[in-house]
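Student: Following this message is one structure expressed as structure tokens.
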Amino acid sequence: MKLVTVEIGGFRAFAKERSFDVDADAIVLHGPNGQGKTSFFDAILWALTGSIPRLAAGNEGLVSLYSDTGRARVTLVLRKTESEDTLRLTRIFDGTQETLRLEAPGESLRGQKAQTKLLVTLWPEALLTTDSIQALSKALTRSVYLQQDLVREFIEADKDDERFSVVSELVGSGRVTELQVQLDRDKAAWSRATNTQVKAQEALRSRVQALQERLSRLSGPAHSPEEHDLESEWRAWWEAALQLGIPERDILPTESTEAPASLNASMNELQGVRDILQRRRDRASTLGAEAKEPPAGPPLDEPSLRKQVAAIEKELEEAREALAASQKQAAEQRRLLVQQNEAEDRRRTFAQVALRHLGDRCPVCDQTYDVEETRHRLEKQAGASPPQAPPEDGIPALAQKVEELEAQAADVRAKLSQAQQFTRAYATWRDECMRLFSEESVEPKPEKLLASIETLLSSLDDRTRSIAQLLRRGEALALSLAQSTERVRRAEIEKELAQLETTLQERQAAVQHRERTGELAGRMLEALREAASEVVQERLKQIQPLLQRIYATADPHPSLRSTRFLTRITHRRGRLTTEVSDPTAEISTESPELVLSSSQMNALAVSVFLALNLGVPALPLQAAILDDPLQSLDDVNLLGLIDLLRRTKQQRQLFVSTHDSRFGQLLARKLRPIDSTQRTRFIEFSGWTRQGPTTGERDVPYEVPQLRLAV
């Protein structure tokens with residue numbers, strides 16, 4: 001397919017829609033940097049693949065900031081080289097959603113159908129890959145479109161195995177390589193699954209060995225004539241155990257593997273019942289002993305004692321009141337006596353003072369008086385005796401009576417307390433008896449509690465002896481059951497062992513089959529690797545002379561004048577590197593980036609690109625697109641490149657852009673048509689505004705004036 005028309009609108013540098021006639025053998029694009037030349041080529045790549053891999057931002061930055069419609073639109077018209085049939089491809093992106101429309105003779109397709117039709121037309125091999133769009137993009141950027149800022153990355157960015165994969169795709173062995181990679185992954189998954197089965201087989205073998213060892217430790221035949229008697233004893237024991245109080249449960253058969261555990265659990269329950277009965281017997285024995293100790297009931301009349309206490313306390317209260325009244329009366333008499341004594345003391349003191357001051361005349365009123373008579377009275381008053389307290393004959397008798405009544409009351413209270421204590425003890429004993437009878441579900445006779453206790457003691461002893469006897473029978477039964485279980489287990493182990501041995505043999509056979517399949521897949525993989533490598537090597541051998549001629553024409557290095565492709569298989573993957581060498585000195589290197597300058601590396605990259613472009617017969621687009629190679633090469637390399645491009649346009653539709661006017665004019669002259677069947681277009685990018693680039697187009701005539709180049 002060749003490009004006929006390119007229409008761009010709202011895409012990157014192209015705000016307004018522009019249409020370009022590119023129906024020519026060679027198209028030269030000239031204009032200063034930043035005018036839209038790279039956007040022109042990116043529009044072609046985006047219309048074909050829907051992406052520009054070198055732009056990290058993805059499609060979000062494709063819509064021009066000055067687009068009137070707010071969307072990017074690119075339309076390509078392509079024509080098949082062997083016919084006049086055209087294909088019109090339109091891709092639109094509005095910032096969120098992308099649409100694709102394809103118009104061919106007799107049909108108009110959209111979306112996925114249009115994408116499929118495009119791949120069928122341009123690169124049918126891509127439909128057989130896991131990511132067809134990526135395959136098409138790789139083919140275009142490695143053989144059709146040499147991007148301006150990725151010249152050196154053309155041979156440096158991809159890993160050697162990825163370069164091998166791309167070249168395999170270009171030369172037609174991509175499906176073989178994909179089959180080899182897929183088979184390699186499937187073989188790895190097959191090996192992992194096989195290893196898992198081997199581990200499972202080892203675990204199964206260990207299980208078989210463990211069962212064989214257990215079987216060797218078991219003794220006796222699988223069946224015994226005592227099994228019938230054991231079954232009868234087994235059921236009889238369970239019936240007796242249920243009667244003695246263990247919870248009801250399903251009786252398992254003796255051959256059950258859970259029978260020993262069930263028997264052991266029931267024996268533990270029986271021991272628990274026996275312990276409960278023993279505790280109840282101890283309580284009943286204690287209650288019986290307490291009942292036999294006199295008195296069995298209350299020994300004193302508690303109501304009578306309460307009446308006595310009340311009568312004595314009343315008499316005691318009256319005696320205390322009489323004693324208190326006598327003591328109060330005596331205290332009042334003592335108070336009055338004290339007052340009299342104090343008055344008499346004052347009079348005696350006054351008389352004694354008056355005697356000391358007695359004279360002819362009164363010392364107070366200064367009058368005369370009868371001195372002797374006065375002295376006699378004063379002396380009598382000074383020598384008078386104090387009054388005596390009255391006797392308290394009734395108080396001691398009353399106090400003795402209170403003391404006797406208090407002692408009598410204390411004695412009666414002690415007897416009452418003893419009566420109450422006996423009453424409480426009897427009630428506690430009776431309650432304990434009734435609780436014990438209730439636990440045993442026995443209805444005692446209230447008037448014959450002691451006899452009921454003795455009857456209960458006898459019943460508890462009988463049940464305890466029965467449980468002890470049943471436990472001894474259970475121990476013997478457990479031993480017999482263990483022997484029977486061992487025989488049953490032996491039969492089970494023999495059955496399980498036979499099944500496992502059969503399964504082990506089947507798995508061993510399956511693993512052996514898988515291992516043989518894995519070995520066959522390995523041989524197929526090696527054959528596919530060799531076949532893919534041989535196909536790539538053979539095709540590259542055919543391209544090798546072309547690469548050498550192109551590299552020699554560019555002549556990037558004075559000594560390292562030879563180059564070739566190297567392929568090999570490493571770590572089960574195909575590898576592709578580019579070697580440069582000095583044939584005279586017999587020196588070579590597979591790492592040209594270490595010895596070549598930046599311009600020389602660019603010349604090598606352009607040479608490899610053109611060799612793949614011209615050497616691969618079937619490309620998605622029969623074109624060679626070089627975006628401003630002048631920025632990557634020096635003047636010496638460019639002269640050789642121009643001569644090479646002049647020959648290339650006879651085999652490929654050639655697109656070359658440049659920012660240098662002299663180089664542009666030189667390209668137009670060198671790529672001019674030599675007859676009427678050829679056509680060369682010159683597109684001039686003269687400026688840029690918010691509307692997009694200002695462009696002009698013209699055909700290059702047969703003859704152009706000679707240019708005088710200043711060097």
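Just so we're on the same page: first chain in the structure tokens is A, next is B, and so on; residues restart at 1 for each chain, and ligands are numbered from 1 in the order they show up.
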Quick one: residues within 12 Å of segment 253-270 of chain A, only C-alpha atoms, excluding same-chain residues fewer than 4 positions away - as a PyMOL selection string?

Tutor: chain A and resi 222-224+226-235+237-249+274-277+463-492

Student: Would you kindly return, as a list in words, each protein, DNA or RNA residue with an atom no farther than 8 Å from any atom of Ala552 of chain A, considering only C-alpha atoms and excluding same-chain residues fewer than 3 positions away?

Tutor: Gln548, Arg549, Asp555, Pro556, Arg561 and Ser562 of chain A

Student: Quick one: residues within 12 Å of Glu318 of chain A, only C-alpha atoms counted, chain neighbours fewer than 4 positions away excluded, as a ChimeraX atom specification?

Tutor: /A:311-314,322-325,398-399,401-402,405-406

Student: Go ahead and write the selection's residues with N, CA and C atoms as a PDB file, in the first residue's frame.

Tutor:
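Everything below was put into again-v1.pdb:
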```pdb
ATOM      1  N   ALA A 311     -41.431 -12.442 131.737  1.00  0.00           N
ATOM      2  CA  ALA A 311     -41.851 -12.136 133.110  1.00  0.00           C
ATOM      3  C   ALA A 311     -40.685 -11.617 133.928  1.00  0.00           C
ATOM      4  N   ILE A 312     -39.545 -12.288 133.819  1.00  0.00           N
ATOM      5  CA  ILE A 312     -38.375 -11.866 134.596  1.00  0.00           C
ATOM      6  C   ILE A 312     -37.927 -10.476 134.154  1.00  0.00           C
ATOM      7  N   GLU A 313     -37.909 -10.224 132.838  1.00  0.00           N
ATOM      8  CA  GLU A 313     -37.490  -8.906 132.358  1.00  0.00           C
ATOM      9  C   GLU A 313     -38.440  -7.820 132.862  1.00  0.00           C
ATOM     10  N   LYS A 314     -39.766  -8.152 132.998  1.00  0.00           N
ATOM     11  CA  LYS A 314     -40.712  -7.163 133.511  1.00  0.00           C
ATOM     12  C   LYS A 314     -40.438  -6.874 134.980  1.00  0.00           C
ATOM     13  N   ALA A 322     -37.589   1.007 140.879  1.00  0.00           N
ATOM     14  CA  ALA A 322     -37.641   1.299 142.331  1.00  0.00           C
ATOM     15  C   ALA A 322     -36.270   1.684 142.846  1.00  0.00           C
ATOM     16  N   LEU A 323     -35.224   0.973 142.385  1.00  0.00           N
ATOM     17  CA  LEU A 323     -33.857   1.294 142.803  1.00  0.00           C
ATOM     18  C   LEU A 323     -33.475   2.676 142.321  1.00  0.00           C
ATOM     19  N   ALA A 324     -33.884   2.999 141.122  1.00  0.00           N
ATOM     20  CA  ALA A 324     -33.547   4.320 140.588  1.00  0.00           C
ATOM     21  C   ALA A 324     -34.258   5.413 141.380  1.00  0.00           C
ATOM     22  N   ALA A 325     -35.540   5.158 141.786  1.00  0.00           N
ATOM     23  CA  ALA A 325     -36.269   6.171 142.559  1.00  0.00           C
ATOM     24  C   ALA A 325     -35.634   6.385 143.933  1.00  0.00           C
ATOM     25  N   LEU A 398     -32.734  -3.100 147.490  1.00  0.00           N
ATOM     26  CA  LEU A 398     -33.216  -3.000 146.106  1.00  0.00           C
ATOM     27  C   LEU A 398     -32.132  -3.404 145.111  1.00  0.00           C
ATOM     28  N   ALA A 399     -30.876  -2.977 145.359  1.00  0.00           N
ATOM     29  CA  ALA A 399     -29.761  -3.326 144.458  1.00  0.00           C
ATOM     30  C   ALA A 399     -29.532  -4.822 144.439  1.00  0.00           C
ATOM     31  N   LYS A 401     -31.761  -7.097 144.934  1.00  0.00           N
ATOM     32  CA  LYS A 401     -32.882  -7.703 144.214  1.00  0.00           C
ATOM     33  C   LYS A 401     -32.683  -7.593 142.687  1.00  0.00           C
ATOM     34  N   VAL A 402     -32.216  -6.390 142.248  1.00  0.00           N
ATOM     35  CA  VAL A 402     -31.949  -6.209 140.787  1.00  0.00           C
ATOM     36  C   VAL A 402     -30.886  -7.186 140.313  1.00  0.00           C
ATOM     37  N   LEU A 405     -32.345 -10.649 140.014  1.00  0.00           N
ATOM     38  CA  LEU A 405     -33.227 -10.766 138.843  1.00  0.00           C
ATOM     39  C   LEU A 405     -32.420 -10.825 137.532  1.00  0.00           C
ATOM     40  N   GLU A 406     -31.319 -10.024 137.437  1.00  0.00           N
ATOM     41  CA  GLU A 406     -30.476 -10.053 136.237  1.00  0.00           C
ATOM     42  C   GLU A 406     -29.839 -11.415 136.048  1.00  0.00           C
TER      43      GLU A 406
END
```

Student: Smallest atom-to-atom distance to Ala354 of chain A: which of A:Ala509, A:Ala382, A:Val338, A:Ala410, using only C-alpha atoms?

Tutor: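 Among the listed residues, A:Ala382 lies closest to Ala354 of chain A.
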
Student: What does the distance between atom CA of Ala47 of chain A and atom CA of Leu654 of chain A come to in Å, to one decimal place?

Tutor: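 The value is 18.3 Å.
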
Student: Between A:Asp643, A:Glu684, A:Asp68, A:Asp411, which residue has the minimum interatomic distance to Glu17 of chain A, considering only C-alpha atoms?

Tutor: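 Going through A:Asp643, A:Glu684, A:Asp68, A:Asp411 one by one, the smallest distance to Glu17 of chain A is for A:Asp68.
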
Student: Quick one: everything within 12 Å of Leu109 of chain A, counting only C-alpha atoms, minus sequence neighbours fewer than 2 positions away in the same chain. Send it as a list in words.

Tutor: Leu87, Arg88, Leu89, Thr90, Thr99, Leu100, Arg101, Leu102, Glu103, Ala104, Pro105, Gly106, Glu107, Gly111, Gln112, Lys113, Ala114, Gln115, Thr116, Lys117 and Leu118 of chain A

Student: From the options A:Leu667, A:Leu183, A:Leu146, A:Leu449, which residue's atoms come nearest to Glu526 of chain A, counting only C-alpha atoms?

Tutor: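 Checking each of A:Leu667, A:Leu183, A:Leu146, A:Leu449 against Glu526 of chain A, counting only C-alpha atoms, the winner is A:Leu183.
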
Student: Looking at A:Leu525, A:Ala193, A:Leu3, A:Ile543, which one is nearest to Val511 of chain A, with distances taken over only C-alpha atoms?

Tutor: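 Between A:Leu525, A:Ala193, A:Leu3, A:Ile543, the residue approaching Val511 of chain A most closely is A:Ala193.
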
Student: Excluding segment 49-65 of chain A and any residue of its chain fewer than 2 positions from it, enumerate the residues within 8 Å of it, using only C-alpha atoms, and give them as an mmCIF file with N, CA and C atoms, in the first residue's frame.

Tutor:
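New file selection_0.cif:
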```
data_model
loop_
_atom_site.group_PDB
_atom_site.id
_atom_site.type_symbol
_atom_site.label_atom_id
_atom_site.label_comp_id
_atom_site.auth_asym_id
_atom_site.auth_seq_id
_atom_site.Cartn_x
_atom_site.Cartn_y
_atom_site.Cartn_z
ATOM 1 N N GLY A 10 -6.888 19.231 13.891
ATOM 2 C CA GLY A 10 -6.970 19.147 15.356
ATOM 3 C C GLY A 10 -5.959 18.202 15.973
ATOM 4 N N PHE A 11 -4.942 17.821 15.193
ATOM 5 C CA PHE A 11 -3.952 16.854 15.674
ATOM 6 C C PHE A 11 -2.639 17.570 15.935
ATOM 7 N N ARG A 12 -2.221 17.576 17.184
ATOM 8 C CA ARG A 12 -0.963 18.175 17.618
ATOM 9 C C ARG A 12 -0.767 19.574 17.038
ATOM 10 N N ALA A 13 0.186 19.777 16.103
ATOM 11 C CA ALA A 13 0.478 21.121 15.591
ATOM 12 C C ALA A 13 -0.575 21.620 14.618
ATOM 13 N N PHE A 14 -1.469 20.718 14.121
ATOM 14 C CA PHE A 14 -2.453 21.094 13.102
ATOM 15 C C PHE A 14 -3.790 21.414 13.772
ATOM 16 N N ALA A 15 -4.013 22.707 14.085
ATOM 17 C CA ALA A 15 -5.289 23.094 14.691
ATOM 18 C C ALA A 15 -6.405 23.057 13.649
ATOM 19 N N ASP A 42 3.746 11.746 12.609
ATOM 20 C CA ASP A 42 3.041 11.105 13.724
ATOM 21 C C ASP A 42 1.573 10.881 13.387
ATOM 22 N N LEU A 45 1.356 7.629 11.506
ATOM 23 C CA LEU A 45 1.513 6.477 12.408
ATOM 24 C C LEU A 45 0.275 6.297 13.278
ATOM 25 N N TRP A 46 -0.269 7.395 13.816
ATOM 26 C CA TRP A 46 -1.439 7.299 14.699
ATOM 27 C C TRP A 46 -2.668 6.810 13.936
ATOM 28 N N ALA A 47 -2.845 7.286 12.693
ATOM 29 C CA ALA A 47 -3.999 6.842 11.916
ATOM 30 C C ALA A 47 -3.942 5.341 11.648
ATOM 31 N N SER A 67 -7.628 23.416 18.767
ATOM 32 C CA SER A 67 -8.596 22.759 17.893
ATOM 33 C C SER A 67 -9.985 23.365 18.093
ATOM 34 N N GLY A 70 -12.317 20.432 19.126
ATOM 35 C CA GLY A 70 -11.982 19.705 20.353
ATOM 36 C C GLY A 70 -11.678 18.240 20.117
ATOM 37 N N ARG A 71 -11.308 17.902 18.910
ATOM 38 C CA ARG A 71 -10.968 16.515 18.618
ATOM 39 C C ARG A 71 -9.849 16.470 17.591
ATOM 40 N N ALA A 72 -9.162 15.331 17.582
ATOM 41 C CA ALA A 72 -8.110 15.095 16.596
ATOM 42 C C ALA A 72 -8.666 14.179 15.511
ATOM 43 N N ARG A 91 -9.387 8.180 11.512
ATOM 44 C CA ARG A 91 -9.340 7.925 12.961
ATOM 45 C C ARG A 91 -9.597 9.245 13.676
ATOM 46 N N PHE A 93 -10.320 11.184 17.603
ATOM 47 C CA PHE A 93 -10.196 11.085 19.067
ATOM 48 C C PHE A 93 -10.655 12.409 19.668
ATOM 49 N N ASP A 94 -11.658 12.332 20.576
ATOM 50 C CA ASP A 94 -12.216 13.551 21.170
ATOM 51 C C ASP A 94 -11.715 13.828 22.581
ATOM 52 N N GLY A 95 -10.653 13.182 22.942
ATOM 53 C CA GLY A 95 -10.100 13.360 24.294
ATOM 54 C C GLY A 95 -10.460 12.239 25.230
ATOM 55 N N THR A 96 -11.542 11.511 24.959
ATOM 56 C CA THR A 96 -11.955 10.385 25.805
ATOM 57 C C THR A 96 -12.230 9.125 24.992
ATOM 58 N N ILE A 133 -2.161 -4.985 17.215
ATOM 59 C CA ILE A 133 -1.851 -3.569 17.040
ATOM 60 C C ILE A 133 -0.394 -3.289 17.410
ATOM 61 N N GLN A 134 0.076 -3.909 18.498
ATOM 62 C CA GLN A 134 1.467 -3.719 18.878
ATOM 63 C C GLN A 134 2.399 -4.308 17.823
ATOM 64 N N LEU A 136 1.794 -4.515 14.589
ATOM 65 C CA LEU A 136 1.803 -3.579 13.472
ATOM 66 C C LEU A 136 2.652 -2.351 13.801
ATOM 67 N N SER A 137 2.518 -1.834 15.027
ATOM 68 C CA SER A 137 3.289 -0.668 15.435
ATOM 69 C C SER A 137 4.786 -0.967 15.415
#
```

Student: Could you state the separation of atom CA of Arg672 of chain A and atom CA of Val700 of chain A in Å, given to one decimal place?

Tutor: 6.0 Å

Student: Could you go through segment 14-119 of chain A and tell me which residues DSSP, when run on the backbone, assigns to helix (DSSP H, G or I), listing them as a VMD selection string?

Tutor: chain A and resid 37 to 49 58 to 61 111 to 119

Student: Do a neighbour search on Lys37 of chain A at 8 Å with only C-alpha atoms, toss out local chain neighbours closer than 5 positions, and write the hits as a list of chain:residue names.

Tutor: A:Leu29, A:His30, A:Gly31, A:Asp627, A:Ser657, A:Phe685

Student: Could you save the residues just selected, with N, CA and C atoms, as an mmCIF file, in the first residue's frame?

Tutor:
```cif
data_model
loop_
_atom_site.group_PDB
_atom_site.id
_atom_site.type_symbol
_atom_site.label_atom_id
_atom_site.label_comp_id
_atom_site.auth_asym_id
_atom_site.auth_seq_id
_atom_site.Cartn_x
_atom_site.Cartn_y
_atom_site.Cartn_z
ATOM 1 N N LEU A 29 9.762 17.210 2.781
ATOM 2 C CA LEU A 29 9.127 18.177 3.669
ATOM 3 C C LEU A 29 10.212 19.079 4.226
ATOM 4 N N HIS A 30 10.049 20.392 4.010
ATOM 5 C CA HIS A 30 11.063 21.337 4.472
ATOM 6 C C HIS A 30 10.396 22.412 5.332
ATOM 7 N N GLY A 31 11.089 22.780 6.401
ATOM 8 C CA GLY A 31 10.612 23.851 7.255
ATOM 9 C C GLY A 31 11.405 23.899 8.534
ATOM 10 N N ASP A 627 12.422 11.167 9.420
ATOM 11 C CA ASP A 627 12.086 12.464 10.000
ATOM 12 C C ASP A 627 13.370 13.219 10.329
ATOM 13 N N SER A 657 12.065 14.552 5.650
ATOM 14 C CA SER A 657 11.876 15.923 6.127
ATOM 15 C C SER A 657 13.217 16.496 6.539
ATOM 16 N N PHE A 685 6.921 24.034 4.853
ATOM 17 C CA PHE A 685 6.349 24.510 6.114
ATOM 18 C C PHE A 685 7.027 25.848 6.414
#
```

Student: Using only C-alpha atoms for the distances, tell me which of A:Ala26, A:Ala611, A:Thr129, A:Arg647 is nearest to Gln182 of chain A.

Tutor: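 The closest residue to Gln182 of chain A is A:Thr129.
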
Student: For atom CA of Glu496 of chain A and atom CA of Glu515 of chain A, determine how far apart the two atoms are, in Å to one decimal place.

Tutor: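 Atom CA of Glu515 of chain A lies at a distance of 27.9 Å from atom CA of Glu496 of chain A.
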
Student: Excluding Arg361 of chain A and its own-chain neighbours fewer than 6 positions away, which residues fall within 10 Å of it when counting only C-alpha atoms? Please give them as number ranges by chain.

Tutor: A: 367-371

Student: Go ahead and dump the residues you just picked, C-alpha atoms, as a compact mmCIF listing (two decimals), in the first residue's frame.

Tutor:
```
# COMPACT_ATOMS: atom_id res chain seq x y z
CA GLN A 367 -23.28 51.85 168.51
CA THR A 368 -22.98 50.27 171.94
CA TYR A 369 -24.20 46.70 172.53
CA ASP A 370 -24.08 43.84 175.08
CA VAL A 371 -20.59 42.55 174.48
```
